[in-house]
Amino acid sequence: MKHHFWTFVTIFLYYSLTVFAERQDILLNNHWKFRFSHQVQRGTEVRVDLPHTWNAQDALSGKPDYKRGISNYERKLFVCSEWKGKRLFLRFEGVNSIANVFINRKHIGEHRGGYGAFVFEITDRVEYGKDNSILVRVNNGEQLDVMPLVGDFNFYGGIYRDVHLLITDESCISPLNYASPGVRLIQDSVSHKYARVSALVDLSNGNGKQREVELNIVLSDAGKVIKEMSENITLLPGSTLQKEMKIELENPHLWNGRQDPFLYQVEVSLLHEGKILDQVIQPLGLRFYRIDPDEGFILNGKHLPLRGVCRHQDRSEVGNALRREHHDEDAALMLEMGVNAVRLAHYPQSTYFYNLMDRLGIVVWAEIPFVGPGGYDDTGFVDSPSFRANGKEQLKELIRQHYNHPSICVWGLFNELTEDGDNPVEYIKELNVLAHQEDVTRPTTSASNQSGKINFVTDLIAWNRYDGWYGGTPQSLGKWLDRMHKEHPEIRIAISEYGAGASIYHQQDSLVKTNPTSWWHPENWQTYYHLENWKAISERPFVWGSFVWNMFDFGAAHRTEGDRPGINDKGLVTFDRKVRKDAFYFYKANWNKEEPMIYLAGKRNRIRRRQQQTIIAFSNQPEAELFVNGKSCGKMKTDRYSILEWENVVLKPGENKIEVKTTNKKQSLTDMYYCIL
């Protein structure tokens, strides 16, 4: 009875909110019963709500053999009699990694891949006027024919994104084209003076009779209609077709990254005798860009250095079962630091997060989970027909589902593959061709840590470099970049990863490089690493983008290093998002010039062992003065990298107060901490 109440409340709310359009979108996130597949006894189920993963505890405790297998999710869905004559679809935004779906315990389909959305039509599978069972059997076990095979991250199992019930008219804008929105907005030609967009609309007629319909497209700006067009179409019985309509615009308002992330709205409606049968609304951010071997990334005719980070879709306590407020917080932290680009590694991420990037003007590198072994055993490629087919399906999903996001500017095809054993180069070529067949407007890229032919397949190339962490020194990066650019002046180079681990609990006076696989990850080495690596990157405009690894600490159950097992601590922000590390403020001072700031590095180093100290601050202001125990240590000009550094500062035995103040009298900023000698 309780379930029926909430079902009817949900249905009522969606009916009341969809007066003008027939499509309904009902969330099915609540009241699921969950059990592991080995729990065959009746009554072993527990109530869960989505998003959900069963690995939030074991994987994040550093248990390398966390539960990877099959689990069952089941819930009831009351299907109203009034829905007869409609079409019903189940849309899953993300299930890791294989999902078998049953209606009333009858199998209706399987989806293989943990990061893309998928849709099944259930119109003829349900009983109307009754409770129906939805059962999803989810498997996150190792599979040799499903990407990814390996990865330096957790393979959380579960229905970890939203589940929707879509209800449409028999004639509708189809959601069955790889779970895409059914509307593809191709930017054929864009300039400051003119834009032409091809709108491709997937139409489906589930009726056994021919139907005359009208396809209407409205382009609007904040509710103001800019363009409107219509065309009459005949839908044959039981048919599907793709209709193309052109949108032309003089003097378009361009989407211009963080500076001006302007979005039009495209409203696509299907009508019959003046009544709206179905409607889909999509964003349209008009922009043109190119990536040059010497000049880097150029957006709307102007050079835009891409100051980026990488992001995994997990956090402490909840694993990958993120809710909207988690995505919002991640985006807010990126904005605070001044990020203008993000690599969403190593797989497609939530549509909601892509929407945020569109609205905030952050350029996105989106990629499929074709992931190599990194520094671990096993391989990321098995040369089998089923693996090859699965990778191509996941690439089609990525592009078709996320095509309309203006923030996405490159499609990533692989990460850290090797040419040993089954050589993936020929398969990458096939993926590259497929990507261009699916999208003629965006270039492809990849993230490599190898030499060889693998680096010369995609349109662009990027490297994962850890100079000064896994080997070498931070100064090695600049030399390597110059050599690559000289030897291969035709290729377009980026840094897809660079980073160093840091624990906020590991503090030291001296600047000493540590063993990256040890239990000692001092924060000041991470800070130094980023200072020196950013100097090398920022001085070379031919680097079309750079992406810090990583914006946030993330889960990797097999890791035994840092201050606890199971965590990759290369983040600039802690796993729980509560603490910004010193390197975060270094980038904020360099990248965020709109928010005046000053920050003292090393404030967590409470116990000092050396009487003479070097005090470092980061600021986007021109000058600051340092005070130790109330006594001035002098004023210092901020250098070109937003660094202020006072050497040979003498501490007294006992407690010391370290304070820094900007010298701008109109807007004085200060930061301070106490330390003990």
# chains A, B, ... in the order shown; residues from 1 in each chain; ligands from 1

$ select_by_dssp --residues "region 227-298 of chain A" --states "strand (DSSP E or B)" --output "PyMOL selection string"
chain A and resi 227-235+240-250+255-256+260-261+264-272+275-284+289-292+296-298

$ residues_around --residues "Lys227 (chain A)" --least-positions-apart "2" --cutoff "6 Å" --atoms "only C-alpha atoms" --output "ChimeraX atom specification"
/A:218-219,225

$ atom_distance --atom1 "CA of Lys652 (chain A)" --atom2 "CA of Trp525 (chain A)"
25.0 Å

$ residues_around --residues "Glu430 (chain A)" --least-positions-apart "6" --cutoff "12 Å" --atoms "only C-alpha atoms" --output "ChimeraX atom specification"
/A:388-389,391-392,395,413,424,436-437,457-458

$ write_last_selection --atoms "N, CA and C atoms" --output "short mmCIF file (atom, residue, chain, number, x, y, z; two decimals), in the first residue's frame"
data_model
loop_
_atom_site.label_atom_id
_atom_site.label_comp_id
_atom_site.auth_asym_id
_atom_site.auth_seq_id
_atom_site.Cartn_x
_atom_site.Cartn_y
_atom_site.Cartn_z
N ARG A 388 36.32 -6.11 -29.64
CA ARG A 388 36.31 -5.06 -30.64
C ARG A 388 34.91 -4.48 -30.82
N ALA A 389 33.92 -5.37 -30.88
CA ALA A 389 32.54 -4.91 -31.06
C ALA A 389 32.07 -4.08 -29.88
N GLY A 391 33.86 -2.24 -27.78
CA GLY A 391 34.47 -0.92 -27.79
C GLY A 391 33.81 0.02 -28.77
N LYS A 392 33.44 -0.49 -29.92
CA LYS A 392 32.77 0.35 -30.92
C LYS A 392 31.38 0.74 -30.45
N LEU A 395 31.80 3.53 -27.99
CA LEU A 395 32.14 4.79 -28.66
C LEU A 395 30.90 5.42 -29.28
N LEU A 413 40.16 8.35 -27.29
CA LEU A 413 40.00 6.96 -27.74
C LEU A 413 40.74 5.94 -26.88
N PRO A 424 47.20 -3.00 -30.21
CA PRO A 424 45.92 -2.32 -30.44
C PRO A 424 45.93 -1.29 -31.56
N HIS A 436 35.05 9.59 -36.53
CA HIS A 436 34.83 10.61 -37.56
C HIS A 436 33.57 10.35 -38.37
N GLN A 437 33.17 9.08 -38.48
CA GLN A 437 31.89 8.78 -39.11
C GLN A 437 30.74 9.28 -38.24
N VAL A 457 47.99 8.01 -34.48
CA VAL A 457 46.72 7.56 -35.05
C VAL A 457 45.65 8.65 -34.93
N THR A 458 45.44 9.13 -33.73
CA THR A 458 44.39 10.12 -33.51
C THR A 458 44.82 11.50 -34.01
#

$ residues_around --residues "Asp65 (chain A)" --least-positions-apart "3" --cutoff "10 Å" --atoms "only C-alpha atoms" --output "ChimeraX atom specification"
/A:58-59,62,68,557-558

$ residues_around --residues "Pro596 (chain A)" --least-positions-apart "6" --cutoff "9 Å" --atoms "only C-alpha atoms" --output "short mmCIF file (atom, residue, chain, number, x, y, z; two decimals) with C-alpha atoms, in the first residue's frame"
data_model
loop_
_atom_site.label_atom_id
_atom_site.label_comp_id
_atom_site.auth_asym_id
_atom_site.auth_seq_id
_atom_site.Cartn_x
_atom_site.Cartn_y
_atom_site.Cartn_z
CA ALA A 589 46.52 32.22 -7.74
CA SER A 619 48.74 35.39 -4.51
CA ASN A 620 47.16 37.01 -7.55
CA GLN A 621 47.98 40.42 -6.04
CA GLN A 667 41.64 45.77 -0.41
CA LEU A 669 44.15 40.49 2.25
#

$ residues_around --residues "region 112-122 of chain A" --least-positions-apart "4" --cutoff "6 Å" --atoms "only C-alpha atoms" --output "ChimeraX atom specification"
/A:88-98,179,348

$ residues_around --residues "region 257-267 of chain A" --least-positions-apart "3" --cutoff "10 Å" --atoms "only C-alpha atoms" --output "MDAnalysis selection string"
chainID A and resid 183 185 199 216:228 252:254 279:287 299:300 304 335 338:341 357:363 406:407

$ write_last_selection --atoms "N, CA and C atoms" --output "tab-separated table (two decimals), in the first residue's frame"
chain	number	residue	atom	x	y	z
A	183	VAL	N	17.72	13.87	-30.86
A	183	VAL	CA	17.95	15.10	-31.61
A	183	VAL	C	19.45	15.34	-31.65
A	185	LEU	N	22.32	17.99	-33.08
A	185	LEU	CA	22.51	19.35	-33.60
A	185	LEU	C	23.93	19.47	-34.14
A	199	ALA	N	19.74	19.95	-37.85
A	199	ALA	CA	19.05	19.24	-36.78
A	199	ALA	C	18.57	17.90	-37.32
A	216	ASN	N	8.22	20.46	-35.55
A	216	ASN	CA	8.42	21.88	-35.30
A	216	ASN	C	9.69	22.08	-34.50
A	217	ILE	N	10.51	23.06	-34.93
A	217	ILE	CA	11.75	23.38	-34.23
A	217	ILE	C	11.75	24.87	-33.90
A	218	VAL	N	12.00	25.17	-32.63
A	218	VAL	CA	12.06	26.56	-32.16
A	218	VAL	C	13.43	26.81	-31.53
A	219	LEU	N	14.13	27.81	-32.03
A	219	LEU	CA	15.39	28.25	-31.44
A	219	LEU	C	15.10	29.50	-30.62
A	220	SER	N	15.46	29.47	-29.34
A	220	SER	CA	15.14	30.60	-28.47
A	220	SER	C	16.33	31.02	-27.64
A	221	ASP	N	16.25	32.26	-27.16
A	221	ASP	CA	17.26	32.85	-26.29
A	221	ASP	C	16.54	33.40	-25.08
A	222	ALA	N	16.70	32.73	-23.93
A	222	ALA	CA	16.05	33.16	-22.68
A	222	ALA	C	14.55	33.36	-22.88
A	223	GLY	N	13.93	32.42	-23.59
A	223	GLY	CA	12.49	32.48	-23.80
A	223	GLY	C	12.05	33.26	-25.02
A	224	LYS	N	12.95	34.03	-25.62
A	224	LYS	CA	12.61	34.81	-26.81
A	224	LYS	C	12.88	33.97	-28.05
A	225	VAL	N	11.85	33.81	-28.89
A	225	VAL	CA	11.97	33.01	-30.10
A	225	VAL	C	12.85	33.74	-31.11
A	226	ILE	N	13.91	33.05	-31.57
A	226	ILE	CA	14.82	33.60	-32.56
A	226	ILE	C	14.50	33.06	-33.95
A	227	LYS	N	14.25	31.76	-34.00
A	227	LYS	CA	13.92	31.11	-35.27
A	227	LYS	C	12.86	30.05	-34.99
A	228	GLU	N	11.98	29.85	-35.96
A	228	GLU	CA	11.00	28.77	-35.87
A	228	GLU	C	10.75	28.22	-37.26
A	252	PRO	N	25.40	35.23	-34.84
A	252	PRO	CA	25.06	34.41	-33.67
A	252	PRO	C	25.82	34.83	-32.43
A	253	HIS	N	25.20	34.61	-31.30
A	253	HIS	CA	25.86	34.80	-30.00
A	253	HIS	C	26.62	33.50	-29.72
A	254	LEU	N	27.94	33.57	-29.62
A	254	LEU	CA	28.76	32.38	-29.52
A	254	LEU	C	28.96	31.92	-28.07
A	279	GLN	N	8.05	16.06	-27.18
A	279	GLN	CA	8.91	17.24	-27.20
A	279	GLN	C	10.23	16.93	-26.52
A	280	VAL	N	11.32	17.40	-27.14
A	280	VAL	CA	12.66	17.26	-26.59
A	280	VAL	C	13.33	18.62	-26.65
A	281	ILE	N	13.98	19.03	-25.55
A	281	ILE	CA	14.68	20.31	-25.48
A	281	ILE	C	16.17	20.04	-25.30
A	282	GLN	N	16.97	20.69	-26.14
A	282	GLN	CA	18.41	20.50	-26.12
A	282	GLN	C	19.13	21.85	-26.10
A	283	PRO	N	20.32	21.89	-25.47
A	283	PRO	CA	21.13	23.12	-25.51
A	283	PRO	C	21.84	23.25	-26.84
A	284	LEU	N	22.11	24.47	-27.24
A	284	LEU	CA	22.91	24.73	-28.44
A	284	LEU	C	23.90	25.83	-28.11
A	285	GLY	N	25.16	25.45	-28.04
A	285	GLY	CA	26.23	26.42	-27.83
A	285	GLY	C	27.05	26.52	-29.10
A	286	LEU	N	26.89	27.59	-29.83
A	286	LEU	CA	27.58	27.76	-31.11
A	286	LEU	C	29.00	28.23	-30.87
A	287	ARG	N	29.95	27.52	-31.44
A	287	ARG	CA	31.36	27.90	-31.31
A	287	ARG	C	32.16	27.28	-32.44
A	299	LEU	N	39.86	29.22	-29.69
A	299	LEU	CA	38.40	29.21	-29.60
A	299	LEU	C	37.85	30.50	-30.17
A	300	ASN	N	36.97	30.38	-31.14
A	300	ASN	CA	36.33	31.54	-31.77
A	300	ASN	C	37.35	32.58	-32.23
A	304	LEU	N	43.29	30.22	-26.55
A	304	LEU	CA	42.79	29.94	-25.20
A	304	LEU	C	43.62	28.81	-24.60
A	335	LEU	N	35.64	25.73	-10.47
A	335	LEU	CA	35.49	27.15	-10.76
A	335	LEU	C	36.34	28.00	-9.83
A	338	GLY	N	39.83	28.15	-10.90
A	338	GLY	CA	40.07	28.81	-12.17
A	338	GLY	C	40.21	27.87	-13.34
A	339	VAL	N	39.76	26.64	-13.18
A	339	VAL	CA	39.84	25.63	-14.24
A	339	VAL	C	39.00	26.09	-15.43
A	340	ASN	N	39.51	25.90	-16.64
A	340	ASN	CA	38.71	26.17	-17.83
A	340	ASN	C	38.63	24.96	-18.76
A	341	ALA	N	39.17	23.82	-18.33
A	341	ALA	CA	39.10	22.58	-19.11
A	341	ALA	C	39.15	21.40	-18.16
A	357	MET	N	29.15	21.57	-17.28
A	357	MET	CA	30.30	22.10	-18.03
A	357	MET	C	29.83	23.02	-19.15
A	358	ASP	N	28.71	22.66	-19.80
A	358	ASP	CA	28.14	23.54	-20.83
A	358	ASP	C	27.83	24.91	-20.24
A	359	ARG	N	27.12	24.91	-19.11
A	359	ARG	CA	26.63	26.16	-18.52
A	359	ARG	C	27.76	26.99	-17.92
A	360	LEU	N	28.83	26.33	-17.49
A	360	LEU	CA	29.94	27.04	-16.85
A	360	LEU	C	31.04	27.42	-17.83
A	361	GLY	N	31.00	26.88	-19.04
A	361	GLY	CA	32.00	27.24	-20.04
A	361	GLY	C	33.33	26.52	-19.89
A	362	ILE	N	33.30	25.31	-19.37
A	362	ILE	CA	34.52	24.52	-19.19
A	362	ILE	C	34.66	23.54	-20.34
A	363	VAL	N	35.76	23.62	-21.07
A	363	VAL	CA	36.01	22.75	-22.21
A	363	VAL	C	36.26	21.33	-21.73
A	406	PRO	N	28.12	21.58	-26.12
A	406	PRO	CA	29.16	22.43	-26.72
A	406	PRO	C	30.48	22.38	-25.97
A	407	SER	N	30.43	22.02	-24.70
A	407	SER	CA	31.67	21.96	-23.92
A	407	SER	C	32.61	20.87	-24.42

$ atom_distance --atom1 "CA of Gly634 (chain A)" --atom2 "CA of Val649 (chain A)"
10.5 Å

$ atom_distance --atom1 "CA of Gln613 (chain A)" --atom2 "CA of Trp646 (chain A)"
8.4 Å
